[in-house]
Every structure is written in structure tokens, then in C-alpha cells.
>>> print(open('structure01.cif').read())   # mmCIF, C-alpha atoms
data_entry
loop_
_atom_site.group_PDB
_atom_site.id
_atom_site.type_symbol
_atom_site.label_atom_id
_atom_site.label_comp_id
_atom_site.auth_asym_id
_atom_site.auth_seq_id
_atom_site.Cartn_x
_atom_site.Cartn_y
_atom_site.Cartn_z
ATOM 1 C CA MET A 1 -49.810 164.348 114.762
ATOM 2 C CA ARG A 2 -50.921 166.469 117.720
ATOM 3 C CA ALA A 3 -47.370 167.713 118.208
ATOM 4 C CA TYR A 4 -46.985 168.584 114.530
ATOM 5 C CA ALA A 5 -50.298 170.394 114.384
ATOM 6 C CA ALA A 6 -49.468 172.319 117.552
ATOM 7 C CA ALA A 7 -46.142 173.399 116.049
ATOM 8 C CA GLY A 8 -47.960 174.865 113.057
ATOM 9 C CA VAL A 9 -46.493 172.670 110.351
ATOM 10 C CA ASP A 10 -48.447 171.838 107.208
ATOM 11 C CA GLY A 11 -47.964 168.110 106.816
ATOM 12 C CA ILE A 12 -46.492 164.883 108.128
ATOM 13 C CA GLY A 13 -44.677 161.964 106.543
ATOM 14 C CA VAL A 14 -46.310 158.532 106.743
ATOM 15 C CA TRP A 15 -44.192 155.519 107.697
ATOM 16 C CA GLU A 16 -45.827 152.154 107.202
ATOM 17 C CA ILE A 17 -43.863 150.581 110.066
ATOM 18 C CA LYS A 18 -45.682 152.957 112.429
ATOM 19 C CA LEU A 19 -49.130 151.922 111.235
ATOM 20 C CA GLY A 20 -49.010 148.382 112.525
ATOM 21 C CA ALA A 21 -51.166 145.505 111.339
ATOM 22 C CA GLY A 22 -54.885 145.598 110.720
ATOM 23 C CA SER A 23 -57.171 148.401 109.627
ATOM 24 C CA ASP A 24 -55.853 151.902 108.984
ATOM 25 C CA GLN A 25 -59.219 153.529 109.552
ATOM 26 C CA GLU A 26 -58.318 155.054 112.909
ATOM 27 C CA ALA A 27 -55.054 156.460 111.571
ATOM 28 C CA LEU A 28 -56.843 157.910 108.550
ATOM 29 C CA GLU A 29 -59.431 159.539 110.793
ATOM 30 C CA GLN A 30 -56.726 160.982 113.034
ATOM 31 C CA LEU A 31 -54.898 162.395 110.018
ATOM 32 C CA GLU A 32 -58.119 163.994 108.784
ATOM 33 C CA GLU A 33 -58.870 165.493 112.196
ATOM 34 C CA SER A 34 -55.332 166.868 112.552
ATOM 35 C CA GLY A 35 -55.684 169.054 109.473
ATOM 36 C CA LEU A 36 -52.216 167.961 108.336
ATOM 37 C CA GLY A 37 -51.373 167.132 104.770
ATOM 38 C CA SER A 38 -49.593 163.909 103.854
ATOM 39 C CA ALA A 39 -45.990 164.228 102.733
ATOM 40 C CA ALA A 40 -43.725 161.405 101.542
ATOM 41 C CA ALA A 41 -44.754 157.882 102.558
ATOM 42 C CA VAL A 42 -42.218 155.131 103.263
ATOM 43 C CA PRO A 43 -43.153 151.449 102.831
ATOM 44 C CA ALA A 44 -42.166 148.805 105.369
ATOM 45 C CA VAL A 45 -40.024 147.159 102.694
ATOM 46 C CA PRO A 46 -38.452 150.207 101.057
ATOM 47 C CA SER A 47 -36.043 148.684 98.506
ATOM 48 C CA ILE A 48 -36.008 146.216 95.633
ATOM 49 C CA LEU A 49 -32.712 144.596 96.617
ATOM 50 C CA PRO A 50 -32.341 143.495 100.271
ATOM 51 C CA LEU A 51 -30.937 145.884 102.874
ATOM 52 C CA PRO A 52 -28.319 144.454 105.279
ATOM 53 C CA LEU A 53 -29.516 146.782 108.056
ATOM 54 C CA MET A 54 -33.235 146.009 107.801
ATOM 55 C CA ASP A 55 -35.378 142.894 108.019
ATOM 56 C CA GLY A 56 -37.420 141.720 105.065
ATOM 57 C CA PRO A 57 -37.553 139.175 102.242
ATOM 58 C CA VAL A 58 -34.312 138.312 100.486
ATOM 59 C CA GLU A 59 -35.747 137.588 97.040
ATOM 60 C CA PRO A 60 -36.250 140.739 94.907
ATOM 61 C CA GLN A 61 -39.571 139.425 93.552
ATOM 62 C CA ARG A 62 -41.028 139.088 97.049
ATOM 63 C CA ARG A 63 -39.780 142.559 97.899
ATOM 64 C CA ILE A 64 -41.370 144.002 94.772
ATOM 65 C CA GLU A 65 -44.669 142.367 95.697
ATOM 66 C CA ALA A 66 -44.410 143.826 99.204
ATOM 67 C CA ILE A 67 -43.723 147.318 97.829
ATOM 68 C CA CYS A 68 -46.694 147.083 95.464
ATOM 69 C CA ALA A 69 -48.955 146.079 98.360
ATOM 70 C CA SER A 70 -47.608 149.004 100.380
ATOM 71 C CA VAL A 71 -48.231 151.405 97.504
ATOM 72 C CA HIS A 72 -51.931 150.504 97.575
ATOM 73 C CA ARG A 73 -52.100 150.714 101.375
ATOM 74 C CA LEU A 74 -50.302 154.055 101.573
ATOM 75 C CA ALA A 75 -52.329 155.531 98.699
ATOM 76 C CA ALA A 76 -55.263 155.837 101.107
ATOM 77 C CA PHE A 77 -53.273 158.501 102.994
ATOM 78 C CA LYS A 78 -52.905 160.542 99.778
ATOM 79 C CA PRO A 79 -49.167 161.117 100.180
ATOM 80 C CA SER A 80 -47.156 163.384 97.925
ATOM 81 C CA GLY A 81 -45.352 160.201 96.872
ATOM 82 C CA VAL A 82 -44.097 156.806 98.021
ATOM 83 C CA VAL A 83 -40.347 156.474 98.566
ATOM 84 C CA CYS A 84 -38.431 153.620 96.939
ATOM 85 C CA LEU A 85 -34.735 152.661 97.124
ATOM 86 C CA THR A 86 -32.763 150.417 94.810
ATOM 87 C CA GLY A 87 -30.963 148.554 97.591
ATOM 88 C CA PRO A 88 -27.233 147.757 97.346
ATOM 89 C CA GLY A 89 -25.438 145.696 94.733
ATOM 90 C CA ASP A 90 -25.100 145.663 90.969
ATOM 91 C CA ASP A 91 -28.197 143.804 89.759
ATOM 92 C CA ARG A 92 -29.453 146.744 87.736
ATOM 93 C CA ASP A 93 -31.707 144.604 85.553
ATOM 94 C CA ALA A 94 -33.659 143.415 88.607
ATOM 95 C CA VAL A 95 -34.042 147.005 89.768
ATOM 96 C CA VAL A 96 -35.240 148.247 86.367
ATOM 97 C CA GLU A 97 -37.810 145.474 86.034
ATOM 98 C CA GLY A 98 -38.899 145.951 89.637
ATOM 99 C CA LEU A 99 -39.370 149.687 89.172
ATOM 100 C CA ARG A 100 -41.437 149.079 86.053
ATOM 101 C CA THR A 101 -43.773 146.809 87.977
ATOM 102 C CA ILE A 102 -43.940 149.241 90.915
ATOM 103 C CA GLY A 103 -44.520 152.177 88.571
ATOM 104 C CA GLU A 104 -47.410 150.412 86.883
ATOM 105 C CA GLU A 105 -48.945 149.495 90.231
ATOM 106 C CA ALA A 106 -48.541 153.068 91.471
ATOM 107 C CA ALA A 107 -50.421 154.341 88.416
ATOM 108 C CA ARG A 108 -53.275 151.960 89.226
ATOM 109 C CA ALA A 109 -53.272 153.182 92.832
ATOM 110 C CA GLY A 110 -53.252 156.835 91.787
ATOM 111 C CA VAL A 111 -49.965 157.778 93.455
ATOM 112 C CA ARG A 112 -46.411 158.482 92.367
ATOM 113 C CA VAL A 113 -43.253 156.709 93.493
ATOM 114 C CA GLY A 114 -40.044 158.617 94.212
ATOM 115 C CA LEU A 115 -36.748 156.819 93.601
ATOM 116 C CA GLU A 116 -34.299 158.129 96.196
ATOM 117 C CA PRO A 117 -30.531 158.305 95.674
ATOM 118 C CA ILE A 118 -28.522 157.699 98.870
ATOM 119 C CA ASN A 119 -25.345 159.512 99.935
ATOM 120 C CA ARG A 120 -22.219 157.881 98.571
ATOM 121 C CA ILE A 121 -20.660 158.142 102.035
ATOM 122 C CA GLY A 122 -21.937 155.063 103.843
ATOM 123 C CA GLY A 123 -24.435 154.291 101.104
ATOM 124 C CA GLU A 124 -22.997 150.917 100.162
ATOM 125 C CA ASP A 125 -25.591 149.187 102.392
ATOM 126 C CA TRP A 126 -28.512 151.039 100.819
ATOM 127 C CA THR A 127 -28.172 151.846 97.161
ATOM 128 C CA MET A 128 -26.574 151.564 93.746
ATOM 129 C CA ILE A 129 -27.259 155.259 92.953
ATOM 130 C CA SER A 130 -25.909 158.271 94.839
ATOM 131 C CA SER A 131 -26.724 161.301 92.707
ATOM 132 C CA LEU A 132 -29.679 162.915 91.022
ATOM 133 C CA SER A 133 -28.209 162.251 87.577
ATOM 134 C CA GLU A 134 -27.868 158.521 88.332
ATOM 135 C CA ALA A 135 -31.448 158.436 89.585
ATOM 136 C CA VAL A 136 -32.653 160.212 86.443
ATOM 137 C CA GLU A 137 -30.850 157.690 84.245
ATOM 138 C CA LEU A 138 -32.671 154.848 86.006
ATOM 139 C CA VAL A 139 -36.030 156.611 85.831
ATOM 140 C CA GLU A 140 -35.590 157.198 82.120
ATOM 141 C CA ASP A 141 -34.662 153.554 81.550
ATOM 142 C CA VAL A 142 -37.755 152.422 83.460
ATOM 143 C CA ASP A 143 -39.981 154.852 81.556
ATOM 144 C CA ARG A 144 -43.113 154.775 83.699
ATOM 145 C CA PRO A 145 -45.023 158.070 84.233
ATOM 146 C CA ALA A 146 -45.771 157.316 87.890
ATOM 147 C CA LEU A 147 -42.055 157.002 88.697
ATOM 148 C CA GLY A 148 -40.116 160.111 89.687
ATOM 149 C CA ILE A 149 -37.390 161.102 92.132
ATOM 150 C CA GLN A 150 -37.397 161.652 95.884
ATOM 151 C CA PHE A 151 -34.969 164.499 96.569
ATOM 152 C CA ASP A 152 -33.141 164.400 99.913
ATOM 153 C CA SER A 153 -30.755 167.181 100.878
ATOM 154 C CA TRP A 154 -28.835 164.924 103.299
ATOM 155 C CA HIS A 155 -28.054 162.490 100.511
ATOM 156 C CA VAL A 156 -27.140 164.791 97.619
ATOM 157 C CA TRP A 157 -25.818 167.997 99.234
ATOM 158 C CA ASN A 158 -22.203 166.944 98.556
ATOM 159 C CA THR A 159 -22.675 165.750 94.963
ATOM 160 C CA PRO A 160 -21.130 167.797 92.135
ATOM 161 C CA GLU A 161 -23.461 170.269 90.427
ATOM 162 C CA VAL A 162 -26.287 169.706 92.923
ATOM 163 C CA VAL A 163 -27.761 173.171 92.326
ATOM 164 C CA ALA A 164 -27.692 172.752 88.552
ATOM 165 C CA ASP A 165 -29.145 169.260 88.917
ATOM 166 C CA ILE A 166 -32.035 170.611 90.997
ATOM 167 C CA GLU A 167 -32.884 173.146 88.335
ATOM 168 C CA ARG A 168 -32.463 170.531 85.583
ATOM 169 C CA TYR A 169 -34.499 167.714 87.140
ATOM 170 C CA VAL A 170 -37.033 169.356 89.476
ATOM 171 C CA GLY A 171 -39.858 168.366 87.133
ATOM 172 C CA LEU A 172 -39.227 164.743 88.099
ATOM 173 C CA PHE A 173 -39.290 165.376 91.849
ATOM 174 C CA VAL A 174 -42.050 163.595 93.749
ATOM 175 C CA GLY A 175 -41.006 164.742 97.219
ATOM 176 C CA VAL A 176 -38.322 166.685 99.075
ATOM 177 C CA HIS A 177 -36.654 165.554 102.292
ATOM 178 C CA ILE A 178 -34.626 168.085 104.261
ATOM 179 C CA ALA A 179 -31.927 167.465 106.885
ATOM 180 C CA ASP A 180 -28.472 168.864 107.611
ATOM 181 C CA TRP A 181 -25.175 166.976 107.642
ATOM 182 C CA GLY A 182 -23.332 167.167 110.964
ATOM 183 C CA GLY A 183 -19.708 168.257 110.648
ATOM 184 C CA ALA A 184 -18.453 164.919 112.004
ATOM 185 C CA THR A 185 -21.432 162.749 111.134
ATOM 186 C CA ARG A 186 -21.401 159.323 112.757
ATOM 187 C CA GLY A 187 -23.393 157.528 110.098
ATOM 188 C CA TRP A 188 -26.709 157.409 108.244
ATOM 189 C CA CYS A 189 -28.674 157.682 111.501
ATOM 190 C CA ASP A 190 -26.990 160.881 112.678
ATOM 191 C CA ARG A 191 -28.650 163.853 111.031
ATOM 192 C CA VAL A 192 -29.139 167.341 112.409
ATOM 193 C CA LEU A 193 -31.639 170.145 112.034
ATOM 194 C CA PRO A 194 -31.233 172.734 109.279
ATOM 195 C CA GLY A 195 -28.468 175.178 110.155
ATOM 196 C CA ASP A 196 -26.772 172.849 112.643
ATOM 197 C CA GLY A 197 -24.557 171.175 110.049
ATOM 198 C CA VAL A 198 -22.291 171.861 107.095
ATOM 199 C CA ALA A 199 -24.640 171.390 104.122
ATOM 200 C CA ASP A 200 -25.456 174.662 102.369
ATOM 201 C CA LEU A 201 -29.203 174.317 102.848
ATOM 202 C CA PRO A 202 -29.997 177.967 102.054
ATOM 203 C CA GLN A 203 -28.401 177.476 98.643
ATOM 204 C CA ILE A 204 -30.273 174.192 98.117
ATOM 205 C CA LEU A 205 -33.580 175.665 99.255
ATOM 206 C CA GLY A 206 -33.004 178.666 97.024
ATOM 207 C CA ALA A 207 -32.410 176.386 94.051
ATOM 208 C CA LEU A 208 -35.578 174.407 94.785
ATOM 209 C CA ASP A 209 -37.582 177.609 95.148
ATOM 210 C CA ARG A 210 -36.243 179.131 91.931
ATOM 211 C CA ALA A 211 -36.813 175.880 90.064
ATOM 212 C CA GLY A 212 -40.481 175.978 91.035
ATOM 213 C CA TRP A 213 -40.818 173.294 93.721
ATOM 214 C CA ASP A 214 -44.111 174.151 95.429
ATOM 215 C CA SER A 215 -44.991 171.077 97.495
ATOM 216 C CA TYR A 216 -43.874 169.911 100.949
ATOM 217 C CA TYR A 217 -40.419 170.362 102.421
ATOM 218 C CA ASP A 218 -40.375 167.248 104.579
ATOM 219 C CA LEU A 219 -37.985 167.356 107.543
ATOM 220 C CA GLU A 220 -36.472 163.861 107.905
ATOM 221 C CA ILE A 221 -34.257 163.507 110.969
ATOM 222 C CA PHE A 222 -32.626 160.207 111.872
ATOM 223 C CA SER A 223 -30.816 160.580 115.202
ATOM 224 C CA ASP A 224 -30.103 157.266 116.863
ATOM 225 C CA ASN A 225 -30.895 156.848 120.551
ATOM 226 C CA GLY A 226 -30.101 153.149 120.558
ATOM 227 C CA THR A 227 -32.863 152.023 118.188
ATOM 228 C CA PHE A 228 -30.310 151.205 115.502
ATOM 229 C CA GLY A 229 -27.444 150.303 117.817
ATOM 230 C CA ASN A 230 -25.910 153.677 118.659
ATOM 231 C CA ALA A 231 -27.196 155.695 121.610
ATOM 232 C CA TRP A 232 -25.817 159.113 120.711
ATOM 233 C CA PRO A 233 -25.799 161.306 123.842
ATOM 234 C CA ASP A 234 -27.146 164.244 121.816
ATOM 235 C CA SER A 235 -29.827 162.232 120.015
ATOM 236 C CA LEU A 236 -32.717 164.350 118.791
ATOM 237 C CA TRP A 237 -34.951 161.308 119.236
ATOM 238 C CA ASP A 238 -34.623 161.828 122.987
ATOM 239 C CA VAL A 239 -36.231 165.255 122.643
ATOM 240 C CA SER A 240 -39.999 165.346 123.159
ATOM 241 C CA GLU A 241 -42.177 165.314 120.042
ATOM 242 C CA GLU A 242 -43.561 168.737 120.894
ATOM 243 C CA GLU A 243 -40.166 170.365 121.355
ATOM 244 C CA LEU A 244 -38.580 168.710 118.342
ATOM 245 C CA ALA A 245 -41.492 169.665 116.077
ATOM 246 C CA ARG A 246 -41.169 173.266 117.248
ATOM 247 C CA ARG A 247 -37.380 173.336 116.917
ATOM 248 C CA GLY A 248 -37.528 171.666 113.531
ATOM 249 C CA LYS A 249 -39.996 174.185 112.150
ATOM 250 C CA GLU A 250 -37.987 177.115 113.499
ATOM 251 C CA ALA A 251 -34.732 175.712 112.083
ATOM 252 C CA PHE A 252 -36.288 175.198 108.668
ATOM 253 C CA GLU A 253 -37.737 178.716 108.663
ATOM 254 C CA ARG A 254 -34.300 180.197 109.433
ATOM 255 C CA ALA A 255 -32.772 178.243 106.550
ATOM 256 C CA TRP A 256 -35.639 179.292 104.304
ATOM 257 C CA GLU A 257 -35.123 182.955 105.091
ATOM 258 C CA ALA A 258 -31.362 182.565 104.605
ATOM 259 C CA ARG A 259 -31.942 181.351 101.041
ATOM 260 C CA ILE A 260 -32.600 184.991 100.094
ATOM 261 C CA ARG A 261 -29.245 186.101 101.495
ATOM 262 C CA SER A 262 -27.588 183.158 99.751
ATOM 263 C CA ARG A 263 -29.034 184.287 96.425
ATOM 264 C CA LEU A 264 -27.889 187.867 96.949
ATOM 265 C CA ASP A 265 -24.382 186.683 97.818
ATOM 266 C CA GLN A 266 -24.163 184.993 94.402
ATOM 267 C CA VAL A 267 -24.931 188.217 92.553
ATOM 268 C CA SER A 268 -21.885 190.351 91.772
ATOM 269 C CA PRO A 269 -21.934 194.080 92.677
ATOM 270 C CA GLY A 270 -21.677 194.950 88.997
ATOM 271 C CA ALA A 271 -24.842 193.044 88.241
ATOM 272 C CA MET A 272 -26.743 194.783 91.023
#
>>> encode(input="structure01.cif", output="C-alpha cells")
Amino acid sequence: MRAYAAAGVDGIGVWEIKLGAGSDQEALEQLEESGLGSAAAVPAVPSILPLPLMDGPVEPQRRIEAICASVHRLAAFKPSGVVCLTGPGDDRDAVVEGLRTIGEEAARAGVRVGLEPINRIGGEDWTMISSLSEAVELVEDVDRPALGIQFDSWHVWNTPEVVADIERYVGLFVGVHIADWGGATRGWCDRVLPGDGVADLPQILGALDRAGWDSYYDLEIFSDNGTFGNAWPDSLWDVSEEELARRGKEAFERAWEARIRSRLDQVSPGAM
């Protein structure tokens, strides 16, 4: 939090796995003292169906109970929303019922839950939905006001009609994650800063801005240094917190400014 505040950013994401066991009072006090807002929060058990790459209960019901408990715990941090994944597989009924329960619990806790679609490339271990339209279909089937969508540029940048989908569905967005897709990405834990990859982030940011998104743009960079089994030699996780916070803010600001040029490039000379 000190590094983020020093870099001049506005908020920080809250990950339950970083809170540890016991009271959260000290963490809450530190957040208050930092002056940072609270962006998207991620529960320790993030999905309804089990994830092959993460520990946790196998039974969906136990996972749903864990997510509901996390929703209440994370609500104290006043996040923009709590992230939730479907998990992999085809048990859609279990996911719908689980999301209904989670949505009802989120309403009681006074927070919203954002269902996050995961990139179709490599997403088979994480999700049954890979686009905003698929996420919307699930949200509509669940029909709980506290349930919305967590947008993530890394996951949906390469889906058809992503710009139109942003403008169509932005009213359902609970949070926005931003990261760039490396040209030869090595997996889900190999993301790069805005402008260092091949995703058209200026276009995406421009669409979000035009559509009226006015909450946090939450930089989410996974860059394995051995934590998840791959020690990439250029891992951003090996960069100090202070430097990475600074570089991340600067990279985002460049992409944000470039959104204006992206918009102008889409306008024909005749229309000018």
C-alpha cells in the first residue's frame, strides 16, 4: 500500500489470500491510513466449480459457502466488487444456483459480485464462459441485482465485437481489470503492462470511457517468477513494488492518452 500511494495511484485491489487468518483490523487501518480506495476484491476460493490449478474444496456447495463467507469478510474493505469465476466444466445448473446464493448473500453484505469471463485461450482450467455475451447470459439467468460482470481486458480483448459489447453491457460492469497480452504469451500467468503487448488497449479504454465507465481501472498483472511453476526471466514480479507501481501507472497513463488518438483514427476525413 505504501508503494501504491507513493506512485500516486487511486486504489488497490484486495486479495483475500494476502490477508491471512485472524482479524483484519490492522489491514483495514492500514488501508484507511494509505488514502487508497478499494478496487476489485478476490476471494480465497474464487470459483463455484473446482479449479485444477488451485487448492480448495471439491464440492460446489462447500465452495459456494466459502465464497459467501469471503463476500462478508471482504465487504469490510468496501471494494468496488467481489470477483467470482464459474470454474471449468459443463455443470451450468450448479453454477446458476451457486450464483443465486452468492448474489443474495452479496446483497445482504452490501456489495456487488462481478462474474468474470476468462480468455478462451488456456481458459479450459478456469471457466465455462469466455466472452462478455456469455457472462451476460448467465447473469440474466441468475437474475440477482447484486450480480454483475467483472470486465478484464486480458480475457476479452480478442473476442469478436468486444468494443460493441463494452458499450452494450457496461451498465452491468462491477469492476475493470486491465493488462496487456504479450505477443507470444506463455500462459495465464504471463501478462504485460499496457502498451507492451498486442491487445488494442487504447481502443478498449476509449470504448469504456465513451460508454460511461467512471470507476477504477484496476491493473492486474500476473507474471510468474516461479510461484506458479514457471520462473520467467523477465517476470514483473521480480521488480520491486515501488518500481512496478510507478511503471504500471505510467504505462496505463500512456494507454489512456492514446485512446484519444485511437478514436480520431476511427473517424473518416469526410466526417471531420
>>> atom_distance(input="structure01.cif", atom1="CA of Asp55 (chain A)", atom2="CA of Lys18 (chain A)")
15.1 Å
>>> closest_residue(input="structure01.cif", among="A:Ile260, A:Leu236, A:Pro46, A:Thr185", to="Leu99 (chain A)", atoms="only C-alpha atoms")
A:Pro46
>>> closest_residue(input="structure01.cif", among="A:Gly22, A:Pro202, A:Gly197, A:Gly212", to="Gly171 (chain A)", atoms="all atoms listed in the file")
A:Gly212
>>> residues_around(input="structure01.cif", residues="Pro233 (chain A)", least_positions_apart="4", cutoff="12 Å", atoms="all atoms listed in the file", output="short mmCIF file (atom, residue, chain, number, x, y, z; two decimals) with C-alpha atoms, in the frame of the given file")
data_model
loop_
_atom_site.label_atom_id
_atom_site.label_comp_id
_atom_site.auth_asym_id
_atom_site.auth_seq_id
_atom_site.Cartn_x
_atom_site.Cartn_y
_atom_site.Cartn_z
CA ASP A 190 -26.99 160.88 112.68
CA SER A 223 -30.82 160.58 115.20
CA ASP A 224 -30.10 157.27 116.86
CA ASN A 225 -30.90 156.85 120.55
CA GLY A 226 -30.10 153.15 120.56
CA TRP A 237 -34.95 161.31 119.24
CA ASP A 238 -34.62 161.83 122.99
CA VAL A 239 -36.23 165.26 122.64
#
>>> resolve_selection(input="structure01.cif", expression="the PyMOL selection byres ((chain A and resi 189) around 10)", output="list in words")
Thr185, Arg186, Gly187, Trp188, Asp190, Arg191, Val192, Ile221, Phe222, Ser223, Asp224, Asn225, Thr227, Phe228, Gly229, Asn230, Trp232 and Ser235 of chain A
>>> write_last_selection(input="structure01.cif", atoms="C-alpha atoms", output="PDB file, keeping the file's coordinate frame")
ATOM      1  CA  THR A 185     -21.432 162.749 111.134  1.00  0.00           C
ATOM      2  CA  ARG A 186     -21.401 159.323 112.757  1.00  0.00           C
ATOM      3  CA  GLY A 187     -23.393 157.528 110.098  1.00  0.00           C
ATOM      4  CA  TRP A 188     -26.709 157.409 108.244  1.00  0.00           C
ATOM      5  CA  ASP A 190     -26.990 160.881 112.678  1.00  0.00           C
ATOM      6  CA  ARG A 191     -28.650 163.853 111.031  1.00  0.00           C
ATOM      7  CA  VAL A 192     -29.139 167.341 112.409  1.00  0.00           C
ATOM      8  CA  ILE A 221     -34.257 163.507 110.969  1.00  0.00           C
ATOM      9  CA  PHE A 222     -32.626 160.207 111.872  1.00  0.00           C
ATOM     10  CA  SER A 223     -30.816 160.580 115.202  1.00  0.00           C
ATOM     11  CA  ASP A 224     -30.103 157.266 116.863  1.00  0.00           C
ATOM     12  CA  ASN A 225     -30.895 156.848 120.551  1.00  0.00           C
ATOM     13  CA  THR A 227     -32.863 152.023 118.188  1.00  0.00           C
ATOM     14  CA  PHE A 228     -30.310 151.205 115.502  1.00  0.00           C
ATOM     15  CA  GLY A 229     -27.444 150.303 117.817  1.00  0.00           C
ATOM     16  CA  ASN A 230     -25.910 153.677 118.659  1.00  0.00           C
ATOM     17  CA  TRP A 232     -25.817 159.113 120.711  1.00  0.00           C
ATOM     18  CA  SER A 235     -29.827 162.232 120.015  1.00  0.00           C
TER      19      SER A 235
END
>>> resolve_selection(input="structure01.cif", expression="the PyMOL selection byres ((chain A and resi 43) around 8)", output="number ranges by chain")
A: 15-17, 41-42, 44-46, 67, 70-71, 74, 82-84
>>> write_last_selection(input="structure01.cif", atoms="C-alpha atoms", output="PDB file, in the frame of the given file")
ATOM      1  CA  TRP A  15     -44.192 155.519 107.697  1.00  0.00           C
ATOM      2  CA  GLU A  16     -45.827 152.154 107.202  1.00  0.00           C
ATOM      3  CA  ILE A  17     -43.863 150.581 110.066  1.00  0.00           C
ATOM      4  CA  ALA A  41     -44.754 157.882 102.558  1.00  0.00           C
ATOM      5  CA  VAL A  42     -42.218 155.131 103.263  1.00  0.00           C
ATOM      6  CA  ALA A  44     -42.166 148.805 105.369  1.00  0.00           C
ATOM      7  CA  VAL A  45     -40.024 147.159 102.694  1.00  0.00           C
ATOM      8  CA  PRO A  46     -38.452 150.207 101.057  1.00  0.00           C
ATOM      9  CA  ILE A  67     -43.723 147.318  97.829  1.00  0.00           C
ATOM     10  CA  SER A  70     -47.608 149.004 100.380  1.00  0.00           C
ATOM     11  CA  VAL A  71     -48.231 151.405  97.504  1.00  0.00           C
ATOM     12  CA  LEU A  74     -50.302 154.055 101.573  1.00  0.00           C
ATOM     13  CA  VAL A  82     -44.097 156.806  98.021  1.00  0.00           C
ATOM     14  CA  VAL A  83     -40.347 156.474  98.566  1.00  0.00           C
ATOM     15  CA  CYS A  84     -38.431 153.620  96.939  1.00  0.00           C
TER      16      CYS A  84
END
>>> atom_distance(input="structure01.cif", atom1="CA of Pro52 (chain A)", atom2="CA of Gly89 (chain A)")
11.0 Å
>>> atom_distance(input="structure01.cif", atom1="CA of Ser34 (chain A)", atom2="CA of Cys68 (chain A)")
27.5 Å
>>> residues_around(input="structure01.cif", residues="Asp196 (chain A)", least_positions_apart="6", cutoff="10 Å", atoms="all atoms listed in the file", output="list of chain:residue names")
A:Ala179, A:Asp180, A:Trp181, A:Gly182, A:Gly183, A:Ala251
